[in-house]
file protein-v1.cif (mmCIF, C-alpha atoms)
data_entry
#
loop_
_atom_site.label_atom_id
_atom_site.label_comp_id
_atom_site.auth_asym_id
_atom_site.auth_seq_id
_atom_site.Cartn_x
_atom_site.Cartn_y
_atom_site.Cartn_z
CA SER A 4 7.37 22.78 -7.23
CA LEU A 5 5.05 19.79 -7.39
CA GLY A 6 2.77 18.03 -4.96
CA TRP A 7 4.24 14.92 -3.33
CA ASP A 8 2.68 12.36 -5.67
CA ALA A 9 3.58 14.35 -8.79
CA ALA A 10 7.16 14.84 -7.58
CA VAL A 11 7.64 11.12 -6.92
CA THR A 12 6.12 10.28 -10.33
CA ALA A 13 8.37 12.81 -12.08
CA VAL A 14 11.50 11.23 -10.58
CA GLN A 15 10.28 7.70 -11.31
CA ALA A 16 9.54 8.65 -14.94
CA GLY A 17 12.90 10.37 -15.42
CA GLN A 18 11.29 13.81 -15.83
CA ALA A 19 13.24 14.98 -12.77
CA ASP A 20 16.63 13.78 -11.56
CA ALA A 21 16.01 13.74 -7.82
CA LEU A 22 13.56 14.40 -5.02
CA LEU A 23 14.41 16.76 -2.18
CA ALA A 24 11.17 17.23 -0.34
CA GLY A 25 11.37 15.89 3.19
CA ALA A 26 11.70 12.33 1.92
CA SER A 27 12.03 10.03 4.90
CA ILE A 28 14.61 7.30 4.43
CA THR A 29 12.73 4.04 4.96
CA ASP A 30 13.42 0.39 4.18
CA GLU A 31 10.16 0.22 2.22
CA ARG A 32 11.22 3.07 -0.08
CA LYS A 33 14.68 1.53 -0.54
CA ALA A 34 13.03 -1.78 -1.49
CA ASN A 35 10.96 0.13 -4.07
CA GLY A 36 14.05 1.52 -5.82
CA TRP A 37 14.70 4.76 -4.00
CA ILE A 38 18.42 5.52 -3.57
CA PHE A 39 19.13 7.95 -0.73
CA SER A 40 21.88 10.35 0.20
CA ASP A 41 23.31 10.61 3.66
CA SER A 42 20.69 11.93 6.05
CA TYR A 43 20.51 15.70 6.02
CA TYR A 44 18.02 16.02 8.89
CA ASP A 45 16.36 13.80 11.48
CA SER A 46 12.72 14.74 11.48
CA TYR A 47 9.55 13.43 12.99
CA GLN A 48 5.86 13.65 12.34
CA VAL A 49 3.88 16.04 14.49
CA PHE A 50 0.25 16.97 14.80
CA ALA A 51 -0.55 20.63 14.23
CA ALA A 52 -3.81 22.23 15.34
CA LYS A 53 -5.28 25.72 15.45
CA THR A 54 -3.63 27.75 18.18
CA ASP A 55 -6.90 27.96 20.17
CA SER A 56 -8.05 24.38 19.51
CA GLY A 57 -7.47 22.88 22.94
CA ILE A 58 -5.85 19.84 21.29
CA GLU A 59 -3.03 18.79 23.63
CA SER A 60 -2.87 14.99 23.37
CA LEU A 61 -3.83 12.10 21.13
CA ASP A 62 -6.80 11.43 23.42
CA ASP A 63 -8.25 14.80 22.38
CA LEU A 64 -8.68 13.49 18.81
CA LYS A 65 -11.39 10.90 19.61
CA GLY A 66 -14.31 11.25 17.20
CA LYS A 67 -12.60 14.04 15.26
CA THR A 68 -11.19 14.33 11.73
CA ILE A 69 -7.45 14.65 10.99
CA ALA A 70 -6.02 15.93 7.69
CA VAL A 71 -3.04 14.19 6.08
CA LYS A 72 -1.08 14.52 2.84
CA ASN A 73 -1.33 11.53 0.52
CA ALA A 74 1.44 8.87 0.56
CA THR A 75 3.58 10.55 3.22
CA ALA A 76 5.15 9.52 6.50
CA GLY A 77 2.57 11.76 8.18
CA ALA A 78 -0.28 9.81 6.59
CA ASN A 79 1.32 6.54 7.69
CA TYR A 80 1.77 7.85 11.24
CA ALA A 81 -1.87 8.98 11.47
CA GLU A 82 -3.05 5.67 10.00
CA SER A 83 -1.08 3.78 12.68
CA LEU A 84 -2.89 5.71 15.44
CA LYS A 85 -6.43 6.20 14.13
CA ASP A 86 -8.00 3.01 15.49
CA GLU A 87 -6.38 3.31 18.91
CA TYR A 88 -7.40 6.96 19.35
CA GLY A 89 -10.68 6.85 17.40
CA PHE A 90 -10.24 9.56 14.78
CA LYS A 91 -11.10 9.76 11.08
CA ILE A 92 -8.61 10.72 8.33
CA ASP A 93 -9.16 13.00 5.32
CA THR A 94 -6.42 12.96 2.67
CA TYR A 95 -5.08 15.90 0.63
CA GLU A 96 -2.62 16.25 -2.26
CA ASP A 97 -0.53 19.09 -0.82
CA SER A 98 0.39 20.80 2.42
CA PRO A 99 -1.27 24.23 1.84
CA THR A 100 -4.65 22.60 1.19
CA MET A 101 -4.23 20.38 4.25
CA TYR A 102 -3.33 23.39 6.44
CA GLN A 103 -6.34 25.37 5.18
CA ASP A 104 -8.62 22.46 6.01
CA VAL A 105 -7.50 22.74 9.65
CA ILE A 106 -7.63 26.54 9.76
CA GLN A 107 -11.17 26.48 8.33
CA GLY A 108 -12.22 23.99 11.00
CA ASN A 109 -13.03 21.02 8.78
CA SER A 110 -10.33 18.96 10.53
CA VAL A 111 -9.07 19.55 14.06
CA ALA A 112 -5.44 18.81 13.23
CA CYS A 113 -3.08 17.72 10.49
CA VAL A 114 0.03 15.56 10.54
CA GLU A 115 3.18 16.89 8.91
CA ASP A 116 6.96 16.70 9.08
CA LYS A 117 7.99 19.01 11.93
CA PRO A 118 10.38 21.25 9.95
CA ILE A 119 7.90 21.72 7.11
CA ILE A 120 5.02 22.82 9.32
CA GLN A 121 7.34 24.83 11.56
CA ASP A 122 8.65 26.77 8.55
CA TRP A 123 5.09 27.57 7.44
CA ILE A 124 4.15 28.71 10.94
CA VAL A 125 7.24 30.95 11.21
CA SER A 126 7.57 32.27 7.64
CA LYS A 127 3.91 32.61 6.70
CA GLY A 128 2.35 33.28 10.10
CA LEU A 129 0.15 30.21 9.84
CA ALA A 130 -2.39 30.18 12.68
CA LEU A 131 -1.39 26.68 13.78
CA LYS A 132 0.69 25.24 16.59
CA THR A 133 2.54 21.97 16.79
CA VAL A 134 1.64 19.62 19.60
CA ASP A 135 4.96 18.04 20.49
CA ALA A 136 3.41 15.57 22.94
CA MET A 137 1.91 13.84 19.88
CA GLU A 138 5.06 13.38 17.80
CA SER A 139 6.43 10.25 16.18
CA ASP A 140 9.86 8.75 16.62
CA PRO A 141 12.55 10.58 14.60
CA ALA A 142 13.30 9.49 11.03
CA PRO A 143 16.10 10.65 8.74
CA TYR A 144 15.46 12.73 5.60
CA GLY A 145 17.40 12.11 2.42
CA PHE A 146 17.93 13.43 -1.08
CA ALA A 147 16.51 10.65 -3.29
CA ILE A 148 17.23 9.39 -6.77
CA MET A 149 15.55 6.47 -8.48
CA ASN A 150 17.97 5.93 -11.35
CA GLU A 151 21.48 4.64 -10.66
CA ALA A 152 22.75 6.79 -13.56
CA ASN A 153 22.18 9.79 -11.27
CA GLN A 154 24.65 8.48 -8.66
CA PRO A 155 27.15 11.33 -9.46
CA LEU A 156 24.44 13.84 -8.48
CA LEU A 157 23.87 11.99 -5.21
CA ASP A 158 27.63 11.93 -4.58
CA MET A 159 27.82 15.72 -5.15
CA PHE A 160 24.95 16.23 -2.72
CA ASN A 161 26.70 14.13 -0.05
CA ALA A 162 29.97 16.07 -0.56
CA GLY A 163 28.17 19.41 -0.30
CA LEU A 164 26.29 18.28 2.80
CA ALA A 165 29.54 17.25 4.48
CA ASP A 166 31.07 20.62 3.59
CA ILE A 167 28.25 22.74 5.03
CA LYS A 168 28.18 20.66 8.20
CA ALA A 169 31.94 21.11 8.61
CA ASN A 170 31.97 24.87 7.95
CA GLY A 171 28.97 25.80 10.13
CA THR A 172 26.56 26.73 7.33
CA TYR A 173 24.29 23.80 8.22
CA ASP A 174 23.79 25.12 11.77
CA GLU A 175 23.09 28.61 10.40
CA ILE A 176 20.37 27.23 8.13
CA LEU A 177 18.69 25.37 11.00
CA ALA A 178 18.79 28.47 13.17
CA LYS A 179 17.41 30.75 10.45
CA TYR A 180 14.53 28.60 9.21
CA LEU A 181 13.62 26.42 12.15
CA GLY A 182 14.90 28.34 15.15
CA GLU A 183 17.05 25.41 16.23
CA SER A 184 20.63 24.28 16.18
CA LYS A 185 22.35 20.92 16.18
#

call {"tool": "encode", "arguments": {"input": "protein-v1.cif", "output": "C-alpha cells"}}
result
Amino acid sequence: SLGWDAAVTAVQAGQADALLAGASITDERKANGWIFSDSYYDSYQVFAAKTDSGIESLDDLKGKTIAVKNATAGANYAESLKDEYGFKIDTYEDSPTMYQDVIQGNSVACVEDKPIIQDWIVSKGLALKTVDAMESDPAPYGFAIMNEANQPLLDMFNAGLADIKANGTYDEILAKYLGESK
C-alpha cells in the first residue's frame, strides 16, 4: 500500500504492474500513457466535513481551508472551485493524514472520492460526514497499466469484472462496503 504519488511512480517505473486505487479514467491520463480497464465504478468527488461542522454548501467554505490529496481528481475539483467560493487549499500525500487534518480542525473539509471516504466513515468510524450537495459530476474508475506488455493482466481484469457483474458478486460488494447497490 503506497500513497498516490508513490503508487503512480511505481507503475510508471515498472516496479508495479498496475494501479487499482480509485484511478479516474480521464483523457489527460490516457494522453500521458495510462491504459485503463473497463470502468468498475462511477464515482464522484465529495466534500467531507466533521459531523458537527455546519458545512452544508460550497458557500460555507468562504475564507476557510480545505484539505486535498496531491495529484488527485479531488485536488483538481477543489482547485476548480476555490476562486469562485473563496477557500484556501492545503495538500497532503495520503488520505489518513488529510482526514486527520479535518478532524483536528486545521481544515474545515476535505475532498475525496465518495466510495473511499464512505468506506473510512463506515469501517473505521471516522467522525466525518459527506456533504452530497457539494459533489462533482460522476467519473468512471479504472484499473490502470502504463506498459502495453501488461495488456494480458488488463484483459484478465476486464474478464473478471464482467463475471462478477453477471453473477451478482459486484452488487454484493457494493452493498457490503458502501451500503449501496447498482

call {"tool": "resolve_selection", "arguments": {"input": "protein-v1.cif", "expression": "the PyMOL selection byres ((chain A and resi 136) around 10)", "output": "list in words"}}
result
Val49, Phe50, Glu59, Ser60, Leu61, Thr133, Val134, Asp135, Met137, Glu138 and Ser139 of chain A

call {"tool": "atom_distance", "arguments": {"input": "protein-v1.cif", "atom1": "atom CA of Gly89 of chain A", "atom2": "atom CA of Lys65 of chain A"}}
result
4.7 Å

call {"tool": "resolve_selection", "arguments": {"input": "protein-v1.cif", "expression": "the PyMOL selection byres ((chain A and resi 93) around 12)", "output": "list in words"}}
result
Lys67, Thr68, Ile69, Ala70, Val71, Lys72, Asn73, Ala78, Ala81, Glu82, Lys85, Phe90, Lys91, Ile92, Thr94, Tyr95, Glu96, Thr100, Met101, Tyr102, Asp104, Val105, Asn109, Ser110, Val111, Ala112, Cys113 and Val114 of chain A

call {"tool": "write_last_selection", "arguments": {"input": "protein-v1.cif", "atoms": "C-alpha atoms", "output": "compact mmCIF listing (two decimals), keeping the file's coordinate frame"}}
result
# COMPACT_ATOMS: atom_id res chain seq x y z
CA LYS A 67 -12.60 14.04 15.26
CA THR A 68 -11.19 14.33 11.73
CA ILE A 69 -7.45 14.65 10.99
CA ALA A 70 -6.02 15.93 7.69
CA VAL A 71 -3.04 14.19 6.08
CA LYS A 72 -1.08 14.52 2.84
CA ASN A 73 -1.33 11.53 0.52
CA ALA A 78 -0.28 9.81 6.59
CA ALA A 81 -1.87 8.98 11.47
CA GLU A 82 -3.05 5.67 10.00
CA LYS A 85 -6.43 6.20 14.13
CA PHE A 90 -10.24 9.56 14.78
CA LYS A 91 -11.10 9.76 11.08
CA ILE A 92 -8.61 10.72 8.33
CA THR A 94 -6.42 12.96 2.67
CA TYR A 95 -5.08 15.90 0.63
CA GLU A 96 -2.62 16.25 -2.26
CA THR A 100 -4.65 22.60 1.19
CA MET A 101 -4.23 20.38 4.25
CA TYR A 102 -3.33 23.39 6.44
CA ASP A 104 -8.62 22.46 6.01
CA VAL A 105 -7.50 22.74 9.65
CA ASN A 109 -13.03 21.02 8.78
CA SER A 110 -10.33 18.96 10.53
CA VAL A 111 -9.07 19.55 14.06
CA ALA A 112 -5.44 18.81 13.23
CA CYS A 113 -3.08 17.72 10.49
CA VAL A 114 0.03 15.56 10.54

call {"tool": "resolve_selection", "arguments": {"input": "protein-v1.cif", "expression": "the PyMOL selection byres ((chain A and resi 26) around 6)", "output": "list in words"}}
result
Ala24, Gly25, Ser27, Tyr144 and Gly145 of chain A

call {"tool": "closest_residue", "arguments": {"input": "protein-v1.cif", "among": "A:Glu175, A:Asp122, A:Asp62, A:Asp158", "to": "Asp41 of chain A", "atoms": "only C-alpha atoms"}}
result
A:Asp158

call {"tool": "closest_residue", "arguments": {"input": "protein-v1.cif", "among": "A:Tyr43, A:Ala76, A:Ala142, A:Asp86", "to": "Tyr173 of chain A", "atoms": "only C-alpha atoms"}}
result
A:Tyr43
